[in-house]
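Data file: model_30.txt. Format and content: compact mmCIF, C-alpha atoms.
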# COMPACT_ATOMS: atom_id res chain seq x y z
CA MET A 1 -200.14 -20.37 -144.10
CA MET A 2 -200.46 -24.11 -144.74
CA LEU A 3 -199.94 -24.82 -141.04
CA ARG A 4 -202.64 -22.33 -140.10
CA LYS A 5 -205.08 -23.93 -142.56
CA ALA A 6 -204.28 -27.36 -141.18
CA MET A 7 -204.88 -26.18 -137.62
CA LEU A 8 -208.19 -24.61 -138.61
CA MET A 9 -209.25 -27.85 -140.31
CA ILE A 10 -208.33 -29.88 -137.22
CA SER A 11 -210.19 -27.45 -134.97
CA ALA A 12 -213.29 -27.57 -137.19
CA SER A 13 -213.11 -31.36 -137.27
CA MET A 14 -212.92 -31.54 -133.47
CA MET A 15 -215.92 -29.24 -133.14
CA MET A 16 -217.93 -31.31 -135.63
CA THR A 17 -216.97 -34.52 -133.82
CA ALA A 18 -217.96 -33.07 -130.46
CA ALA A 19 -221.29 -31.98 -131.92
CA ALA A 20 -221.89 -35.37 -133.53
CA TYR A 21 -221.31 -37.24 -130.29
CA ALA A 22 -222.97 -34.74 -127.93
CA GLU A 23 -224.73 -36.79 -125.28
CA THR A 24 -228.49 -36.36 -125.07
CA LYS A 25 -230.38 -37.16 -121.88
CA ILE A 26 -234.13 -37.48 -121.57
CA ILE A 27 -235.84 -37.30 -118.16
CA TYR A 28 -239.31 -38.69 -117.61
CA ALA A 29 -240.69 -36.61 -114.72
CA GLY A 30 -243.70 -37.94 -112.86
CA ASN A 31 -244.61 -34.49 -111.56
CA LEU A 32 -242.64 -31.45 -112.70
CA ILE A 33 -242.19 -28.18 -110.83
CA PRO A 34 -240.40 -26.01 -113.40
CA ASP A 35 -240.60 -22.90 -111.20
CA ALA A 36 -241.64 -22.46 -107.56
CA GLN A 37 -244.10 -19.77 -108.61
CA THR A 38 -245.64 -21.94 -111.34
CA GLY A 39 -246.12 -24.94 -109.10
CA ALA A 40 -246.47 -28.53 -110.24
CA ILE A 41 -247.65 -29.15 -113.80
CA GLY A 42 -247.87 -32.95 -113.77
CA PRO A 43 -245.92 -35.44 -115.91
CA ALA A 44 -243.38 -34.03 -118.34
CA THR A 45 -240.46 -34.97 -120.56
CA ILE A 46 -237.23 -32.98 -120.30
CA THR A 47 -234.53 -33.13 -122.98
CA ILE A 48 -230.93 -32.20 -122.15
CA ASN A 49 -227.97 -31.63 -124.46
CA ASP A 50 -224.44 -30.71 -123.39
CA GLY A 51 -225.56 -29.93 -119.85
CA LYS A 52 -228.36 -27.57 -120.95
CA ILE A 53 -232.11 -28.06 -120.98
CA THR A 54 -233.25 -27.92 -124.60
CA SER A 55 -236.95 -28.73 -124.36
CA ILE A 56 -239.81 -29.58 -122.02
CA THR A 57 -243.01 -31.23 -123.18
CA ASN A 58 -246.15 -32.03 -121.24
CA GLY A 59 -246.67 -35.70 -120.52
CA ILE A 60 -244.16 -38.52 -120.75
CA THR A 61 -243.15 -39.06 -124.34
CA ARG A 62 -241.25 -42.33 -124.55
CA ALA A 63 -238.33 -42.25 -126.99
CA ASP A 64 -238.33 -44.87 -129.74
CA ASN A 65 -235.83 -47.70 -129.55
CA ASP A 66 -234.43 -46.57 -126.21
CA ALA A 67 -232.21 -49.59 -125.80
CA ASP A 68 -230.72 -49.30 -129.29
CA ASN A 69 -229.79 -45.63 -129.19
CA ASN A 70 -226.26 -45.35 -127.80
CA ASP A 71 -226.30 -41.54 -127.96
CA LEU A 72 -229.38 -41.29 -125.77
CA GLU A 73 -229.60 -41.76 -122.00
CA ILE A 74 -233.06 -42.27 -120.53
CA ILE A 75 -233.61 -41.29 -116.89
CA ASP A 76 -236.92 -42.54 -115.57
CA LEU A 77 -238.14 -40.37 -112.69
CA SER A 78 -241.80 -41.06 -113.40
CA ASN A 79 -242.42 -41.96 -109.75
CA PHE A 80 -240.93 -38.71 -108.40
CA THR A 81 -241.49 -34.98 -108.23
CA VAL A 82 -238.81 -33.23 -110.27
CA LEU A 83 -237.77 -29.64 -109.61
CA PRO A 84 -234.88 -27.20 -110.05
CA GLY A 85 -231.71 -27.82 -108.06
CA LEU A 86 -231.64 -25.93 -104.77
CA ILE A 87 -229.35 -22.99 -104.01
CA ASP A 88 -227.66 -22.24 -100.67
CA THR A 89 -226.23 -18.72 -100.62
CA HIS A 90 -224.22 -19.12 -97.40
CA VAL A 91 -221.91 -22.13 -97.01
CA HIS A 92 -218.40 -22.85 -95.82
CA LEU A 93 -217.42 -25.97 -97.73
CA SER A 94 -213.88 -26.26 -96.37
CA GLY A 95 -214.89 -26.50 -92.70
CA ASP A 96 -216.74 -28.93 -90.48
CA PRO A 97 -218.50 -27.99 -87.21
CA GLY A 98 -217.18 -28.26 -83.71
CA GLY A 99 -213.44 -28.34 -84.34
CA ASP A 100 -211.10 -26.69 -81.85
CA TYR A 101 -210.32 -23.13 -82.91
CA TRP A 102 -206.59 -23.77 -82.62
CA ARG A 103 -206.72 -26.14 -85.60
CA GLU A 104 -206.46 -23.01 -87.72
CA ALA A 105 -202.81 -22.96 -86.71
CA VAL A 106 -202.33 -26.64 -87.58
CA ASP A 107 -204.38 -27.52 -90.66
CA SER A 108 -202.99 -26.44 -94.03
CA ASP A 109 -204.91 -24.74 -96.83
CA GLU A 110 -204.38 -27.91 -98.84
CA TRP A 111 -206.30 -29.80 -96.17
CA GLY A 112 -209.09 -27.29 -96.65
CA VAL A 113 -209.35 -28.39 -100.30
CA ILE A 114 -209.64 -32.04 -99.20
CA MET A 115 -212.38 -31.16 -96.72
CA GLY A 116 -214.08 -29.00 -99.31
CA ALA A 117 -214.10 -31.76 -101.90
CA LYS A 118 -215.73 -34.09 -99.38
CA ASN A 119 -218.34 -31.52 -98.43
CA ALA A 120 -219.03 -30.42 -102.01
CA ARG A 121 -220.22 -33.93 -102.88
CA ILE A 122 -222.30 -34.18 -99.69
CA THR A 123 -223.89 -30.81 -100.43
CA ALA A 124 -224.79 -31.77 -103.98
CA LEU A 125 -226.25 -35.10 -102.90
CA ALA A 126 -228.47 -33.14 -100.51
CA GLY A 127 -229.99 -31.42 -103.55
CA PHE A 128 -228.00 -28.18 -103.52
CA THR A 129 -226.65 -27.70 -107.00
CA THR A 130 -225.42 -24.10 -106.58
CA VAL A 131 -223.79 -22.45 -103.53
CA ARG A 132 -222.05 -19.27 -102.42
CA ASP A 133 -218.94 -20.20 -100.44
CA VAL A 134 -218.58 -17.10 -98.28
CA GLY A 135 -215.41 -17.63 -96.27
CA SER A 136 -212.45 -19.90 -96.89
CA ALA A 137 -208.65 -19.73 -96.96
CA GLN A 138 -207.12 -17.62 -99.73
CA LEU A 139 -207.42 -19.89 -102.77
CA VAL A 140 -209.32 -22.89 -101.39
CA GLY A 141 -212.78 -21.83 -102.58
CA PHE A 142 -211.42 -21.00 -106.01
CA ALA A 143 -209.86 -24.45 -106.35
CA LEU A 144 -213.15 -26.08 -105.38
CA ARG A 145 -215.02 -23.85 -107.83
CA ARG A 146 -212.80 -24.99 -110.68
CA GLY A 147 -212.90 -28.63 -109.60
CA THR A 148 -216.70 -28.87 -109.69
CA ALA A 149 -216.99 -26.75 -112.87
CA GLU A 150 -214.62 -29.04 -114.77
CA GLY A 151 -216.14 -32.21 -113.34
CA LYS A 152 -212.94 -33.20 -111.57
CA ILE A 153 -214.83 -33.54 -108.30
CA PRO A 154 -218.59 -34.02 -107.79
CA GLY A 155 -220.28 -31.01 -106.33
CA PRO A 156 -222.39 -27.91 -106.89
CA ARG A 157 -221.72 -24.82 -108.98
CA ILE A 158 -219.73 -22.54 -106.65
CA GLN A 159 -219.37 -18.81 -106.26
CA SER A 160 -216.54 -18.04 -103.85
CA SER A 161 -215.58 -14.90 -101.94
CA GLY A 162 -212.30 -16.18 -100.54
CA PRO A 163 -211.57 -14.85 -97.02
CA ALA A 164 -214.06 -12.38 -95.58
CA ILE A 165 -212.83 -8.80 -95.25
CA SER A 166 -212.63 -7.85 -91.58
CA ILE A 167 -211.54 -5.07 -89.26
CA ILE A 168 -208.28 -5.67 -87.41
CA GLY A 169 -209.06 -7.92 -84.46
CA GLY A 170 -212.67 -8.42 -85.54
CA HIS A 171 -214.67 -11.43 -86.65
CA GLY A 172 -212.81 -12.93 -89.59
CA ASP A 173 -209.38 -11.74 -88.47
CA VAL A 174 -207.33 -14.53 -86.87
CA SER A 175 -207.28 -14.21 -83.08
CA GLY A 176 -206.84 -16.33 -79.99
CA PHE A 177 -203.11 -17.02 -80.43
CA ARG A 178 -199.84 -15.35 -79.49
CA PRO A 179 -199.20 -12.21 -81.58
CA GLU A 180 -196.46 -13.86 -83.61
CA VAL A 181 -198.77 -16.79 -84.46
CA ASN A 182 -201.59 -14.44 -85.41
CA LYS A 183 -199.17 -12.67 -87.74
CA VAL A 184 -198.18 -15.88 -89.53
CA LEU A 185 -201.83 -16.88 -89.97
CA ASP A 186 -202.91 -13.43 -91.22
CA ALA A 187 -204.84 -13.81 -94.50
CA GLU A 188 -204.26 -10.16 -95.49
CA ASN A 189 -208.01 -9.64 -95.28
CA SER A 190 -208.30 -6.90 -92.64
CA CYS A 191 -208.41 -3.17 -93.30
CA THR A 192 -208.71 0.22 -91.64
CA GLY A 193 -210.12 3.26 -93.42
CA ALA A 194 -212.01 3.64 -96.68
CA VAL A 195 -208.92 3.62 -98.90
CA GLN A 196 -207.43 0.42 -97.51
CA CYS A 197 -210.82 -1.32 -97.47
CA ALA A 198 -211.33 -0.46 -101.15
CA GLU A 199 -207.86 -1.88 -101.80
CA ARG A 200 -208.82 -5.18 -100.13
CA VAL A 201 -211.79 -5.45 -102.49
CA ARG A 202 -209.55 -4.93 -105.50
CA GLN A 203 -207.10 -7.52 -104.20
CA ALA A 204 -209.93 -10.04 -103.77
CA SER A 205 -211.08 -9.31 -107.32
CA LYS A 206 -207.53 -9.81 -108.60
CA ARG A 207 -207.32 -13.22 -106.89
CA GLY A 208 -210.55 -14.34 -108.53
CA ALA A 209 -213.36 -13.68 -106.04
CA ASP A 210 -216.90 -13.88 -107.43
CA LEU A 211 -218.27 -11.70 -104.66
CA ILE A 212 -217.11 -9.86 -101.55
CA LYS A 213 -217.92 -11.02 -98.03
CA ILE A 214 -217.38 -8.67 -95.09
CA THR A 215 -217.90 -9.01 -91.36
CA ALA A 216 -219.86 -5.85 -90.61
CA THR A 217 -220.30 -6.83 -86.95
CA GLY A 218 -218.76 -9.08 -84.37
CA GLY A 219 -219.32 -12.79 -84.77
CA VAL A 220 -220.47 -15.60 -82.55
CA LEU A 221 -217.77 -18.22 -83.13
CA SER A 222 -214.64 -16.05 -83.33
CA GLN A 223 -212.43 -15.81 -80.25
CA GLN A 224 -212.71 -12.02 -79.95
CA ALA A 225 -215.16 -10.78 -77.33
CA ARG A 226 -215.91 -7.37 -78.81
CA GLY A 227 -219.67 -7.67 -79.02
CA LEU A 228 -222.00 -8.49 -81.89
CA ASP A 229 -222.73 -5.03 -83.26
CA GLN A 230 -221.08 -2.72 -85.79
CA HIS A 231 -217.35 -3.09 -86.44
CA PHE A 232 -216.70 -1.34 -89.75
CA THR A 233 -217.43 2.36 -89.99
CA ASN A 234 -220.14 3.53 -92.37
CA GLU A 235 -217.47 5.10 -94.58
CA GLU A 236 -215.52 1.85 -94.77
CA MET A 237 -218.60 -0.17 -95.73
CA THR A 238 -219.59 2.37 -98.37
CA ALA A 239 -216.09 2.19 -99.88
CA ILE A 240 -216.31 -1.62 -99.96
CA ALA A 241 -219.75 -1.67 -101.57
CA ASP A 242 -218.97 1.04 -104.13
CA THR A 243 -215.68 -0.59 -105.13
CA ALA A 244 -217.19 -4.05 -105.43
CA HIS A 245 -220.11 -2.81 -107.50
CA SER A 246 -217.77 -0.90 -109.80
CA LEU A 247 -216.03 -4.23 -110.46
CA GLY A 248 -219.30 -6.07 -111.10
CA MET A 249 -219.32 -7.92 -107.78
CA LYS A 250 -222.00 -8.11 -105.11
CA VAL A 251 -221.33 -7.85 -101.38
CA ALA A 252 -222.57 -10.07 -98.55
CA ALA A 253 -222.27 -8.67 -95.02
CA HIS A 254 -222.19 -10.88 -91.97
CA ALA A 255 -224.20 -8.77 -89.50
CA HIS A 256 -225.83 -9.62 -86.18
CA GLY A 257 -226.30 -6.30 -84.37
CA PRO A 258 -228.84 -3.66 -85.48
CA ARG A 259 -226.40 -0.80 -86.12
CA GLY A 260 -224.18 -3.05 -88.21
CA ILE A 261 -227.19 -4.19 -90.23
CA GLU A 262 -228.37 -0.61 -90.70
CA GLY A 263 -224.91 0.65 -91.69
CA ALA A 264 -224.40 -2.19 -94.17
CA ALA A 265 -227.78 -1.60 -95.78
CA LYS A 266 -227.23 2.14 -96.06
CA ALA A 267 -223.86 1.44 -97.68
CA GLY A 268 -225.69 -0.42 -100.45
CA ILE A 269 -224.58 -3.93 -99.49
CA ASP A 270 -226.62 -6.55 -101.34
CA SER A 271 -227.31 -9.14 -98.65
CA ILE A 272 -227.26 -9.15 -94.87
CA GLU A 273 -226.22 -12.53 -93.51
CA HIS A 274 -227.84 -13.66 -90.22
CA CYS A 275 -229.87 -10.46 -89.49
CA THR A 276 -230.09 -11.64 -85.87
CA PHE A 277 -230.91 -8.50 -83.90
CA GLY A 278 -232.51 -6.41 -86.64
CA ASP A 279 -234.68 -3.56 -85.34
CA ASP A 280 -237.07 -1.10 -86.97
CA ALA A 281 -234.33 1.30 -88.09
CA SER A 282 -232.21 -1.44 -89.63
CA MET A 283 -235.24 -2.95 -91.35
CA ALA A 284 -236.18 0.44 -92.79
CA ALA A 285 -232.65 0.80 -94.19
CA MET A 286 -232.77 -2.69 -95.71
CA LYS A 287 -236.12 -2.03 -97.35
CA ALA A 288 -235.05 1.37 -98.68
CA ASN A 289 -231.83 0.00 -100.13
CA LYS A 290 -233.29 -3.37 -101.23
CA SER A 291 -230.83 -5.40 -99.17
CA ALA A 292 -231.86 -9.05 -98.83
CA CYS A 293 -231.79 -11.02 -95.58
CA VAL A 294 -230.10 -14.43 -95.54
CA PRO A 295 -231.25 -15.74 -92.12
CA THR A 296 -228.99 -18.85 -91.73
CA LEU A 297 -231.30 -20.41 -89.14
CA MET A 298 -229.48 -23.75 -89.29
CA ALA A 299 -226.39 -22.06 -87.86
CA TYR A 300 -228.24 -21.62 -84.59
CA THR A 301 -229.27 -25.28 -84.68
CA GLY A 302 -225.61 -26.24 -85.06
CA ILE A 303 -224.37 -24.15 -82.15
CA ARG A 304 -227.30 -25.11 -79.92
CA GLU A 305 -226.47 -28.78 -80.37
CA ARG A 306 -222.90 -28.19 -79.16
CA LEU A 307 -223.53 -25.70 -76.38
CA GLY A 308 -222.29 -26.77 -72.94
CA LYS A 309 -220.31 -29.73 -74.28
CA GLY A 310 -216.82 -28.25 -74.06
CA VAL A 311 -216.74 -27.47 -77.77
CA TYR A 312 -216.66 -23.69 -77.41
CA THR A 313 -214.59 -21.34 -75.28
CA PRO A 314 -216.37 -19.35 -72.52
CA GLN A 315 -216.51 -16.09 -74.51
CA VAL A 316 -218.03 -17.92 -77.46
CA GLU A 317 -220.63 -19.62 -75.27
CA ASP A 318 -221.69 -16.22 -73.92
CA LYS A 319 -222.30 -14.97 -77.45
CA ILE A 320 -224.17 -18.16 -78.38
CA ARG A 321 -226.59 -17.72 -75.48
CA ALA A 322 -227.27 -14.14 -76.54
CA THR A 323 -228.23 -15.16 -80.08
CA LEU A 324 -230.30 -18.22 -79.20
CA LYS A 325 -232.83 -16.02 -77.39
CA VAL A 326 -233.96 -14.33 -80.60
CA VAL A 327 -233.55 -16.87 -83.40
CA GLY A 328 -235.75 -16.01 -86.37
CA ALA A 329 -237.55 -13.09 -84.69
CA ALA A 330 -235.99 -10.33 -86.80
CA ALA A 331 -236.30 -12.31 -90.04
CA ASN A 332 -239.99 -12.86 -89.23
CA LYS A 333 -240.53 -9.10 -88.98
CA MET A 334 -238.50 -8.51 -92.12
CA HIS A 335 -240.64 -10.97 -94.05
CA LYS A 336 -243.82 -9.27 -92.85
CA ASN A 337 -242.37 -5.91 -93.94
CA GLY A 338 -241.65 -7.07 -97.48
CA ILE A 339 -237.88 -7.50 -97.19
CA ASN A 340 -236.51 -10.15 -99.53
CA ILE A 341 -235.64 -13.35 -97.65
CA VAL A 342 -233.10 -15.54 -99.46
CA PHE A 343 -232.14 -19.10 -98.55
CA GLY A 344 -228.77 -19.58 -96.83
CA THR A 345 -227.75 -21.87 -94.00
CA ASP A 346 -224.14 -21.34 -92.82
CA SER A 347 -223.24 -24.98 -93.41
CA GLY A 348 -219.98 -25.82 -91.73
CA VAL A 349 -221.39 -24.47 -88.45
CA TYR A 350 -223.62 -27.56 -88.60
CA GLU A 351 -222.93 -30.76 -90.56
CA HIS A 352 -222.94 -30.40 -94.35
CA GLY A 353 -225.82 -32.21 -96.00
CA ARG A 354 -228.44 -31.02 -93.53
CA ASN A 355 -229.00 -27.81 -95.52
CA ALA A 356 -232.62 -28.58 -96.37
CA GLU A 357 -233.60 -28.57 -92.68
CA GLU A 358 -233.55 -24.77 -93.10
CA PHE A 359 -236.84 -24.93 -95.03
CA ALA A 360 -238.94 -26.08 -92.07
CA LEU A 361 -237.31 -23.42 -89.88
CA MET A 362 -238.17 -20.74 -92.44
CA VAL A 363 -241.80 -21.88 -92.37
CA ASP A 364 -242.02 -22.27 -88.59
CA LEU A 365 -239.95 -19.29 -87.39
CA ILE A 366 -240.17 -16.75 -90.21
CA GLY A 367 -243.75 -17.55 -91.25
CA MET A 368 -243.00 -18.24 -94.90
CA THR A 369 -245.24 -20.47 -96.97
CA ASN A 370 -243.81 -23.61 -98.56
CA ARG A 371 -243.90 -21.84 -101.93
CA GLU A 372 -242.05 -18.79 -100.58
CA ALA A 373 -239.42 -20.94 -98.92
CA LEU A 374 -238.83 -22.96 -102.11
CA ALA A 375 -238.66 -19.80 -104.22
CA SER A 376 -236.09 -18.35 -101.80
CA ALA A 377 -233.80 -21.30 -102.60
CA THR A 378 -234.38 -21.26 -106.35
CA THR A 379 -235.41 -18.12 -108.24
CA GLY A 380 -234.74 -15.78 -105.31
CA ALA A 381 -231.27 -17.13 -104.62
CA ALA A 382 -230.42 -17.23 -108.32
CA THR A 383 -231.30 -13.54 -108.65
CA LEU A 384 -229.17 -12.57 -105.65
CA MET A 385 -226.24 -14.41 -107.22
CA GLY A 386 -226.79 -12.86 -110.65
CA LEU A 387 -227.58 -16.29 -112.12
CA GLU A 388 -231.29 -15.79 -112.79
CA ASN A 389 -230.88 -16.66 -116.47
CA GLU A 390 -228.95 -19.84 -115.76
CA VAL A 391 -230.28 -21.64 -112.67
CA GLY A 392 -233.30 -21.69 -110.36
CA LYS A 393 -235.81 -22.91 -112.96
CA ILE A 394 -236.29 -25.86 -115.27
CA ALA A 395 -236.58 -24.10 -118.61
CA PRO A 396 -235.02 -24.29 -122.08
CA GLY A 397 -231.60 -22.70 -122.13
CA PHE A 398 -231.06 -23.14 -118.38
CA SER A 399 -228.38 -25.36 -116.90
CA ALA A 400 -229.52 -28.93 -116.26
CA ASP A 401 -229.46 -28.57 -112.48
CA ILE A 402 -232.30 -30.86 -111.47
CA ILE A 403 -233.34 -32.87 -108.43
CA ALA A 404 -236.03 -35.44 -107.64
CA VAL A 405 -237.92 -36.01 -104.39
CA ALA A 406 -240.64 -38.42 -103.30
CA THR A 407 -243.52 -35.95 -102.99
CA ASN A 408 -244.47 -32.38 -103.87
CA PRO A 409 -242.50 -29.99 -101.58
CA LEU A 410 -245.20 -27.36 -102.00
CA ASP A 411 -247.39 -29.75 -99.99
CA ASP A 412 -244.68 -31.09 -97.66
CA ILE A 413 -241.54 -28.94 -97.49
CA ARG A 414 -239.68 -31.55 -95.46
CA THR A 415 -239.57 -33.91 -98.43
CA LEU A 416 -236.59 -31.79 -99.54
CA GLU A 417 -234.63 -33.24 -96.63
CA LYS A 418 -234.50 -36.58 -98.47
CA VAL A 419 -233.48 -35.90 -102.05
CA GLN A 420 -233.59 -39.03 -104.21
CA TRP A 421 -231.63 -37.98 -107.31
CA VAL A 422 -229.41 -35.06 -108.34
CA MET A 423 -228.01 -33.64 -111.57
CA VAL A 424 -225.59 -30.69 -111.77
CA ARG A 425 -224.70 -29.19 -115.16
CA GLY A 426 -226.09 -32.30 -116.83
CA ARG A 427 -223.91 -34.62 -114.70
CA ILE A 428 -225.59 -37.10 -112.37
CA ILE A 429 -224.13 -36.91 -108.86
CA LYS A 430 -223.50 -40.26 -107.17
How would this structure read if it were set down as structure tokens?
Amino acid sequence: MMLRKAMLMISASMMMTAAAYAETKIIYAGNLIPDAQTGAIGPATITINDGKITSITNGITRADNDADNNDLEIIDLSNFTVLPGLIDTHVHLSGDPGGDYWREAVDSDEWGVIMGAKNARITALAGFTTVRDVGSAQLVGFALRRGTAEGKIPGPRIQSSGPAISIIGGHGDVSGFRPEVNKVLDAENSCTGAVQCAERVRQASKRGADLIKITATGGVLSQQARGLDQHFTNEEMTAIADTAHSLGMKVAAHAHGPRGIEGAAKAGIDSIEHCTFGDDASMAAMKANKSACVPTLMAYTGIRERLGKGVYTPQVEDKIRATLKVVGAAANKMHKNGINIVFGTDSGVYEHGRNAEEFALMVDLIGMTNREALASATTGAATLMGLENEVGKIAPGFSADIIAVATNPLDDIRTLEKVQWVMVRGRIIK
């Protein structure tokens, strides 16, 4: 009993000490955009405690005795526009573009963590303070998620799916090697039939996945040449979506071809990634089932820059040429038809850190306004990720995920390509 009392006293003392020395940060914002829908409200003062925003006041209220207060950190951004940290809902932190496909048989998962740590910092410095990592080796994304959450490595808040669930021999299933090599590299992520596909979802949940990623259609950069339309059956996709939702997880479906998009939407899948060849029937299914489109326009920029340079195999180049003819066309129609467009770029297919180039493409190719594009990467993305009460706005109680740029992005969206200052969870990224 005495030991228990002593432990309780020590615990209480530690909590009191932590509270007494909680670091307070005050940001002087020259022009604050607390919410993309609100727009800029002019100068403001933001107070942060323990990584959370505690108050926002209009105008810049200078703290007394700044230099003498050791518990107070003043951050002067009075010459900048300050806004919520950006969100990219489709990244691959552990990969870089243009590598030979056979490196999958050479590079270890541990190397993926090293690459991911490098790219996490680059991504955060580009202004992206939250990401969905939708495809990595078994535990790599989870290690990165923990590393950035605990402040061991600089980087964004991460939701990770782990490996995408695939059909046997489809996009996301290792191919291009001898059968015995394919077997060794198998990530146990493929399935056949509704029962086995539901089992894969449960296994991913058991390993720690935040969400489920599936490859509903063929893919551009995989070595299989089985087309770009539907791979999973409707029954399999329904089993995946129902199982994931029963476990509190959302589902993202890589989908290029129209029947794959339609089948994924009808199955109740939350977001369609790429949406490349969407037609009227697939759009109707997306609208009816409230599936979002994540267009990943920067992916096409990445592959276009490497086309014809010996980077890709012949079957991959054929698929690239097919997609480059229609970049943004389906997403443009989806936007006009009221389908939710959410920001996501497919970083790793192009160089990490260029994520914000997606904004100009969304404006030019999809026809979104600057405000719509910014909302898609803040409040819209936060809602898709189930984080709408934590990130995407600068508001009391929200995480201190904040960036600063030179000018108002609602006037010039490309200013987001040159982020001047970044904070994630109250930590300044350098």
Next on the checklist: Taking 2 positions as the minimum chain separation for residues in the same chain, which residues sit within 12 Å of A:Asp279 when counting only C-alpha atoms? Answer as a ChimeraX atom specification.
Outcome noted: /A:256-262,275-277,281-286,326,329-334,337
Item to check | Length of the atom CA of A:Thr217 to atom CA of A:Gly169 vector [Å] | outcome: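 Value for the atom CA of A:Thr217-atom CA of A:Gly169 distance: 11.6 Å.
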Checklist entry - So what do you get for atom CA of A:Gly227 versus atom CA of A:Ala322, distance-wise? => result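 Distance reported for this atom pair: 10.3 Å.
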Item to check | Residue with smallest distance to A:Phe343 - pool A:His90, A:Lys290, A:Asp318, A:Gly426, counting all atoms listed in the file | outcome: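 Nearest to A:Phe343: A:His90.
You can rank A:Ile320, A:Ile87, A:Ile413, A:Ile158 by their closest distance to A:Ala360 using all atoms listed in the file, and at the top of that list sits A:Ile413.
Going from atom CA of A:Phe359 over to atom CA of A:Thr379, you cover 14.9 Å.
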Next on the checklist: Tell me which residues come within 9 Å of (-228.9, -15.1, -103.9), as a PyMOL selection string, counting only C-alpha atoms in the file's coordinates.
Outcome noted: chain A and resi 87-90+131-132+271+292+294+342-344+376-387
Checklist entry - Using only C-alpha atoms, which of the listed residues (A:Asp35, A:Gly116, A:Val422, A:Asp173) sits closest to A:Glu388? => result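 Distance minimum relative to A:Glu388 lands on A:Asp35.
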Next on the checklist: For A:Thr369, find every residue with an atom within 9 Å (counting only C-alpha atoms), except residues of its own chain fewer than 6 positions away, and show them as a VMD selection string.
Outcome noted: chain A and resid 362 to 363 410
Checklist entry - When distances are computed from only C-alpha atoms, which of A:Trp111, A:Phe398, A:Phe232, A:Tyr300 shows the smallest separation from A:His274? => result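 Residue with the minimum atom-to-atom distance to A:His274: A:Tyr300.
If you measure from each of A:Glu180, A:Asp50, A:Asp412, A:Glu317 to A:Ala373 using only C-alpha atoms, the closest one turns out to be A:Asp412.
Using all atoms listed in the file, the smallest distance between any of A:Gly367, A:Ser166, A:Lys25, A:Arg354 and A:Gln196 comes from A:Ser166.
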Next on the checklist: Can you pull out the residues contacting stretch 236-240 of chain A? Cut-off 6 Å, using all atoms listed in the file, and skip same-chain residues under 6 positions away; I want them as a PyMOL selection string.
Outcome noted: chain A and resi 193-194+198+267
Checklist entry - Skipping near chain neighbours, those fewer than 2 positions away, what residues fall within 9 Å of A:His352 using all atoms listed in the file, listed as a ChimeraX atom specification? => result /A:91-93,96-97,119-120,122-123,126,347-350,354-355
